[in-house]
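Shown next: structure33.cif, containing mmCIF, C-alpha atoms and all ligand atoms.
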data_entry
loop_
_atom_site.label_atom_id
_atom_site.label_comp_id
_atom_site.auth_asym_id
_atom_site.auth_seq_id
_atom_site.Cartn_x
_atom_site.Cartn_y
_atom_site.Cartn_z
CA MET V 1 158.00 124.55 58.85
CA SER V 2 156.90 126.00 62.17
CA ASP V 3 157.99 124.51 65.48
CA LEU V 4 154.75 125.58 66.98
CA LYS V 5 152.50 122.75 67.88
CA PRO V 6 148.85 123.18 67.06
CA PRO V 7 146.71 123.99 70.09
CA ALA V 8 145.42 120.89 71.74
CA ARG V 9 141.96 120.11 70.50
CA ARG V 10 139.22 120.37 73.04
CA SER V 11 137.52 117.14 73.66
CA SER V 12 133.86 117.20 72.66
CA LYS V 13 133.08 115.05 75.69
CA PRO V 14 131.61 116.99 78.61
CA GLN V 15 134.19 117.52 81.28
CA GLN V 16 133.61 115.27 84.22
CA LYS V 17 133.59 116.82 87.66
CA PRO V 18 136.32 115.45 89.85
CA THR V 19 134.79 112.66 91.82
CA VAL V 20 134.82 112.84 95.60
CA PRO V 21 135.96 109.60 97.13
CA ALA V 22 133.05 107.75 98.77
CA LYS V 23 134.94 107.76 102.05
CA SER V 24 135.04 111.57 102.11
CA VAL V 25 131.32 111.82 101.38
CA SER V 26 130.35 109.54 104.20
CA ARG V 27 132.79 111.36 106.46
CA ALA V 28 131.16 114.69 105.48
CA VAL V 29 127.67 113.34 106.13
CA ARG V 30 128.76 111.80 109.40
CA SER V 31 130.28 115.08 110.52
CA ARG V 32 126.83 116.71 110.33
CA VAL V 33 125.25 114.12 112.61
CA PRO V 34 125.81 115.34 116.15
CA LYS V 35 126.49 113.02 119.03
CA PRO V 36 123.59 112.32 121.41
CA VAL V 37 123.45 114.57 124.44
CA ASP V 38 125.11 113.41 127.63
CA ARG V 39 123.19 112.45 130.74
CA ALA V 40 123.45 115.82 132.46
CA THR V 41 122.08 117.54 129.36
CA MET V 42 119.29 114.97 129.08
CA VAL V 43 118.29 115.72 132.68
CA GLU V 44 118.36 119.46 132.01
CA ILE V 45 116.22 119.09 128.86
CA PHE V 46 113.50 117.24 130.77
CA ARG V 47 113.80 119.57 133.75
CA ARG V 48 112.98 122.48 131.45
CA LEU V 49 110.16 120.66 129.62
CA HIS V 50 108.71 119.80 133.02
CA ALA V 51 109.05 123.39 134.26
CA ALA V 52 107.26 124.69 131.16
CA ASN V 53 104.40 122.19 131.49
CA PRO V 54 104.30 120.38 134.85
CA GLU V 55 101.17 118.29 134.12
CA PRO V 56 101.18 117.63 130.37
CA LYS V 57 98.02 116.15 128.92
CA GLY V 58 97.21 114.51 125.63
CA GLU V 59 94.67 116.17 123.39
CA LEU V 60 92.32 113.22 122.82
CA ASP V 61 89.03 113.18 124.77
CA TYR V 62 88.12 110.00 126.68
CA THR V 63 86.21 108.96 129.77
CA ASN V 64 87.81 105.67 130.83
CA ALA V 65 90.53 103.21 129.78
CA TYR V 66 88.28 101.69 127.11
CA THR V 67 87.32 104.99 125.46
CA LEU V 68 91.00 106.00 125.59
CA LEU V 69 91.91 102.78 123.75
CA VAL V 70 89.22 103.46 121.12
CA ALA V 71 90.21 107.12 120.71
CA VAL V 72 93.90 106.30 120.24
CA THR V 73 93.01 103.54 117.76
CA LEU V 74 90.86 105.98 115.77
CA SER V 75 93.61 108.61 115.77
CA ALA V 76 95.82 106.75 113.27
CA GLN V 77 96.14 108.98 110.18
CA ALA V 78 93.70 111.47 111.74
CA THR V 79 93.98 114.62 113.84
CA ASP V 80 93.06 114.63 117.53
CA VAL V 81 90.55 117.39 116.78
CA GLY V 82 88.88 115.22 114.12
CA VAL V 83 88.76 112.21 116.46
CA ASN V 84 87.29 114.31 119.28
CA LYS V 85 84.53 115.55 116.97
CA ALA V 86 83.68 111.97 116.03
CA THR V 87 83.77 110.58 119.57
CA LYS V 88 81.78 113.45 121.09
CA ASN V 89 78.53 111.68 120.23
CA LEU V 90 79.96 108.16 120.16
CA PHE V 91 81.22 107.77 123.72
CA PRO V 92 77.93 108.75 125.43
CA VAL V 93 76.33 105.71 123.77
CA ALA V 94 79.32 103.32 123.67
CA ASP V 95 81.78 103.73 126.52
CA THR V 96 82.25 99.99 127.18
CA PRO V 97 83.10 97.08 124.87
CA GLU V 98 79.62 95.60 125.51
CA LYS V 99 77.86 98.80 124.43
CA MET V 100 80.16 99.09 121.41
CA MET V 101 79.10 95.60 120.32
CA GLU V 102 75.45 96.58 120.76
CA LEU V 103 76.00 99.64 118.59
CA GLY V 104 77.45 97.36 115.92
CA GLU V 105 79.75 97.98 112.99
CA GLU V 106 77.27 99.97 110.91
CA GLY V 107 76.25 102.18 113.86
CA LEU V 108 79.91 102.85 114.66
CA ARG V 109 80.66 103.63 111.02
CA GLN V 110 78.06 106.40 111.07
CA HIS V 111 79.84 108.07 113.99
CA ILE V 112 83.35 107.88 112.54
CA LYS V 113 82.75 108.31 108.81
CA THR V 114 84.59 111.66 108.80
CA LEU V 115 87.85 109.88 109.70
CA ASN V 116 90.35 108.34 107.29
CA PHE V 117 90.01 104.57 106.89
CA PHE V 118 86.74 104.57 108.82
CA ASN V 119 85.63 101.22 107.34
CA THR V 120 88.74 99.41 108.56
CA LYS V 121 88.65 101.25 111.87
CA ALA V 122 85.00 100.29 112.45
CA LYS V 123 85.78 96.63 111.75
CA ASN V 124 88.78 96.68 114.10
CA VAL V 125 86.99 98.47 116.96
CA ILE V 126 84.11 95.98 116.87
CA ALA V 127 86.48 92.98 116.67
CA MET V 128 88.49 94.49 119.54
CA ALA V 129 85.34 94.90 121.66
CA LYS V 130 84.45 91.25 121.03
CA ARG V 131 87.92 90.07 122.19
CA LEU V 132 87.81 92.29 125.27
CA VAL V 133 84.41 90.88 126.26
CA GLU V 134 85.20 87.25 125.49
CA GLU V 135 88.76 87.08 126.85
CA PHE V 136 89.17 89.89 129.37
CA GLY V 137 85.75 90.31 130.99
CA GLY V 138 85.23 93.63 129.20
CA GLU V 139 88.32 95.17 130.86
CA VAL V 140 91.30 96.78 129.13
CA PRO V 141 94.40 94.71 129.99
CA ASN V 142 97.30 96.60 131.57
CA SER V 143 99.92 95.08 129.27
CA VAL V 144 101.52 96.39 126.10
CA GLU V 145 102.20 92.85 124.94
CA ILE V 146 98.52 91.80 125.29
CA LEU V 147 97.10 95.04 123.92
CA GLU V 148 99.30 94.66 120.84
CA THR V 149 97.44 91.47 119.96
CA LEU V 150 94.08 93.29 119.69
CA PRO V 151 92.77 94.20 116.21
CA GLY V 152 94.01 97.64 115.08
CA VAL V 153 96.34 98.07 118.07
CA GLY V 154 100.08 98.49 117.50
CA ARG V 155 102.97 99.20 119.84
CA LYS V 156 102.37 102.94 119.84
CA THR V 157 98.66 102.72 120.74
CA ALA V 158 99.32 100.06 123.39
CA SER V 159 102.08 102.17 124.98
CA VAL V 160 99.94 105.32 125.06
CA VAL V 161 97.09 103.44 126.74
CA VAL V 162 99.17 101.82 129.50
CA ASN V 163 100.96 105.11 130.10
CA ILE V 164 97.85 107.27 130.46
CA ALA V 165 95.34 104.78 131.85
CA PHE V 166 97.64 102.81 134.18
CA GLY V 167 100.61 105.10 134.85
CA ASP V 168 103.09 102.69 133.25
CA PRO V 169 106.04 104.86 132.11
CA ARG V 170 106.21 103.55 128.53
CA VAL V 171 107.33 106.08 125.91
CA ALA V 172 105.10 105.67 122.85
CA VAL V 173 106.88 106.97 119.76
CA ASP V 174 105.10 108.74 116.94
CA THR V 175 106.49 110.79 114.07
CA HIS V 176 106.98 113.89 116.26
CA ILE V 177 108.87 112.03 119.00
CA PHE V 178 111.01 110.21 116.44
CA ARG V 179 111.99 113.55 114.89
CA VAL V 180 112.68 115.40 118.16
CA THR V 181 114.71 112.48 119.53
CA ASN V 182 116.96 112.46 116.49
CA ARG V 183 117.28 116.24 116.26
CA LEU V 184 118.36 117.10 119.77
CA PRO V 185 119.57 114.30 119.63
CA LEU V 186 118.51 112.31 122.68
CA ALA V 187 119.50 109.23 120.67
CA ILE V 188 120.29 108.37 117.05
CA THR V 189 117.76 105.79 115.90
CA LYS V 190 116.43 104.32 112.69
CA THR V 191 112.91 103.18 113.61
CA PRO V 192 110.20 104.14 116.13
CA LEU V 193 110.76 100.82 117.92
CA ASP V 194 114.49 101.56 118.32
CA THR V 195 113.55 105.00 119.54
CA GLN V 196 111.17 103.66 122.17
CA ALA V 197 113.75 101.21 123.47
CA ALA V 198 116.43 103.93 123.60
CA LEU V 199 114.21 106.50 125.33
CA GLU V 200 112.91 104.04 127.92
CA LYS V 201 116.51 103.22 128.77
CA LEU V 202 117.91 106.76 128.72
CA ILE V 203 115.25 109.07 130.16
CA PRO V 204 115.70 109.53 133.91
CA ASP V 205 113.05 107.68 135.96
CA GLU V 206 111.50 110.82 137.41
CA TYR V 207 110.67 112.16 133.94
CA ARG V 208 109.75 108.98 132.06
CA LEU V 209 106.01 108.90 132.77
CA HIS V 210 105.37 112.27 131.11
CA ALA V 211 108.18 112.11 128.53
CA HIS V 212 105.77 110.98 125.80
CA HIS V 213 103.56 114.03 126.25
CA TRP V 214 106.40 116.53 126.59
CA LEU V 215 108.13 115.30 123.46
CA ILE V 216 104.96 115.00 121.38
CA LEU V 217 103.79 118.51 122.29
CA HIS V 218 107.27 119.91 121.70
CA GLY V 219 107.40 118.28 118.25
CA ARG V 220 103.86 119.25 117.32
CA TYR V 221 104.05 122.94 118.26
CA ILE V 222 107.74 124.00 118.37
CA CYS V 223 110.15 121.49 116.84
CA LYS V 224 108.00 121.20 113.70
CA ALA V 225 109.05 119.00 110.81
CA ARG V 226 109.60 121.63 108.12
CA LYS V 227 110.53 124.70 110.06
CA PRO V 228 111.31 124.20 113.72
CA GLU V 229 110.65 127.35 115.76
CA CYS V 230 114.05 127.28 117.41
CA TRP V 231 113.92 130.93 118.51
CA ARG V 232 111.19 130.07 121.05
CA CYS V 233 112.47 126.63 122.00
CA PRO V 234 113.12 126.17 125.72
CA VAL V 235 116.07 123.84 125.04
CA ASN V 236 117.60 125.78 122.15
CA ASP V 237 121.02 126.16 123.80
CA LEU V 238 121.19 122.42 124.55
CA CYS V 239 120.11 121.25 121.09
CA ARG V 240 122.78 120.05 118.65
CA TYR V 241 120.64 120.01 115.48
CA PRO V 242 122.82 121.59 112.77
CA ASP V 243 119.84 123.08 110.88
CA LYS V 244 118.38 125.12 113.71
CA THR V 245 116.32 128.02 112.37
CA ILE V 246 116.35 131.71 113.18
CA PRO V 247 113.24 133.92 112.72
S1 LIG R 1 116.39 124.17 118.95
FE1 LIG R 1 115.09 123.85 117.15
S2 LIG R 1 115.68 121.85 116.33
FE2 LIG R 1 116.44 121.97 118.43
S3 LIG R 1 114.82 121.03 119.70
FE3 LIG R 1 114.48 123.25 119.67
S4 LIG R 1 113.03 123.59 118.00
FE4 LIG R 1 113.94 121.53 117.71
#
Would you mind giving the structure from this file in structure tokens?
Ligand code: SF4
Amino acid sequence: MSDLKPPARRSSKPQQKPTVPAKSVSRAVRSRVPKPVDRATMVEIFRRLHAANPEPKGELDYTNAYTLLVAVTLSAQATDVGVNKATKNLFPVADTPEKMMELGEEGLRQHIKTLNFFNTKAKNVIAMAKRLVEEFGGEVPNSVEILETLPGVGRKTASVVVNIAFGDPRVAVDTHIFRVTNRLPLAITKTPLDTQAALEKLIPDEYRLHAHHWLILHGRYICKARKPECWRCPVNDLCRYPDKTIP
């Protein structure tokens, strides 16, 4: 009789990978999330954005506070170029709430039918014109809180309008600003509303009025969603995003 033991039989079960304790995973994920920049860095970031573009402008065409409100409302789920094409012939005939009501929902629909959700947008713009005429004498109110109550107007639209039309330094947050804020990061936030509150608190007073435009243009043309163009970014050396790209 041999003393040799038979080789241990291999289990037919697939070998399980050693599990990583949940704590380690969350620690690993956390370690990739950089801390928000300090105040001096924040100031330097906006100093450079200002130097690169001292008078930033939005890309929507408008002629007064009302046409700005309409243009921003129409820009939801649409490009600025597409909105400008639609409003090129619309605003000469309807640049006040009264004229928009005269044009009517069907007339408006004909002008904006190239835009996404044009049926809903036409309904909202006409209902908005009616409220402006009946409750505000045809004027656009200088208040985010009031504007937000108008049909089709959310926090972002209201903030853009008071910023551009009335010089109120609100920082409207869209997808680009949300991304740039969390990449640099100026702040770590979960929602656009959190982001707006954080930016309005953190951005130095002297830069807050134009911060919306600087961040939106930076996100649209340089700090793009899929492949940020970090090699030509004016704040590359200050940015803490771990996935910065090289050409
Ligand atoms: S370095 Fe890259 S990721 Fe950072 S802000 Fe500039 S473009 Fe965005």
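Distances from V:Ser143, V:Thr114, V:Gln196, V:Thr191 to Ser75 in chain V were compared using only C-alpha atoms, and the smallest one belongs to V:Thr114.
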- Item | Test item: which residues lie within 7 Å of (120.1, 116.8, 122.1) counting all atoms listed in the file, as a PyMOL selection string | chain V and resi 36-37+183-186+238-240
- Message: Between V:Ile45, V:Thr73, V:Leu150, V:Glu139, which residue has the minimum interatomic distance to ligand LIG 1 (chain R), considering only C-alpha atoms and all ligand atoms?
- Response: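 Of the candidates, the smallest distance to ligand LIG 1 (chain R) is held by V:Ile45.
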- Of V:Leu202, V:Val180, V:Ala158, V:Ile146, the one nearest to ligand LIG 1 (chain R) when counting all atoms listed in the file is V:Val180
- Task: Please identify all polymer residues within 7 Å of Asp95 in chain V, counting only C-alpha atoms, omitting same-chain residues fewer than 4 positions from it, and present them as a list in words.
- Result: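 Listed by chain and then number, they are Tyr66, Thr67, Phe91 and Lys99 of chain V.
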- Write out as a PyMOL selection string each polymer residue whose atoms come within 12 Å of Ala197 in chain V, counting only C-alpha atoms; drop sequence neighbours fewer than 2 positions from it. chain V and resi 155+159+170-173+178+181+187-195+199-203
Hey, could you pull the box centre and edge lengths for ligand LIG 1 (chain R), axis-aligned, 5 Å padding per side, all listed atoms, to one decimal in Å, as JSON?
{"center_x": 114.7, "center_y": 122.6, "center_z": 118.0, "size_x": 13.4, "size_y": 13.1, "size_z": 13.4}
- Item | Shell of 10 Å around Leu132 in chain V, all atoms listed in the file, local chain residues under 5 positions omitted, as JSON, numbers by chain | {"V": [66, 96, 97, 98, 126, 127, 137, 138, 139, 140, 141, 147, 150]}
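Between Val144 in chain V and the candidates V:Leu217, V:Leu69, V:Glu59, V:Leu103, the tightest atom-to-atom separation, counting all atoms listed in the file, involves V:Leu69.
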- Task: Identify, counting all atoms listed in the file, the protein, DNA and RNA residues located within 10 Å of ligand LIG 1 (chain R), and give them as a PyMOL selection string.
- Result: chain V and resi 45+179-186+215+218-219+221-225+227-246
- Message: Is it possible to get the residues within 7 Å of (88.3, 104.2, 114.1) (coordinates as in the file, counting only C-alpha atoms) written as a PyMOL selection string?
- Response: chain V and resi 73-74+112+118+121-122+125
- Message: Rounded to one decimal, what separation in Å do you get between CA of Gly167 in chain V and CA of Phe117 in chain V?
- Response: 29.9 Å
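Between CA of Ala86 in chain V and CA of Thr120 in chain V the separation is 15.5 Å.
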- Task: Report the distance between CA of Asp174 in chain V and CA of Ala198 in chain V in Å, rounded to one decimal place.
- Result: 14.0 Å
- Task: Would you please work out which residue, of V:Lys123, V:Val83, V:Glu206, V:His111, is nearest to Leu68 in chain V when using all atoms listed in the file?
- Result: V:Val83
- Item | Residues near Trp214 in chain V, cut-off 9 Å, only C-alpha atoms, skip fewer than 4 positions along chain, as a list in words | Phe46, Leu49, His50, Asn53, Pro56, Lys57, His210, His218 and Gly219 of chain V
- Message: Measuring between all atoms listed in the file, which one of V:His213, V:Arg220, V:Arg208, V:Arg226 shows the shortest distance to Glu55 in chain V?
- Response: V:His213
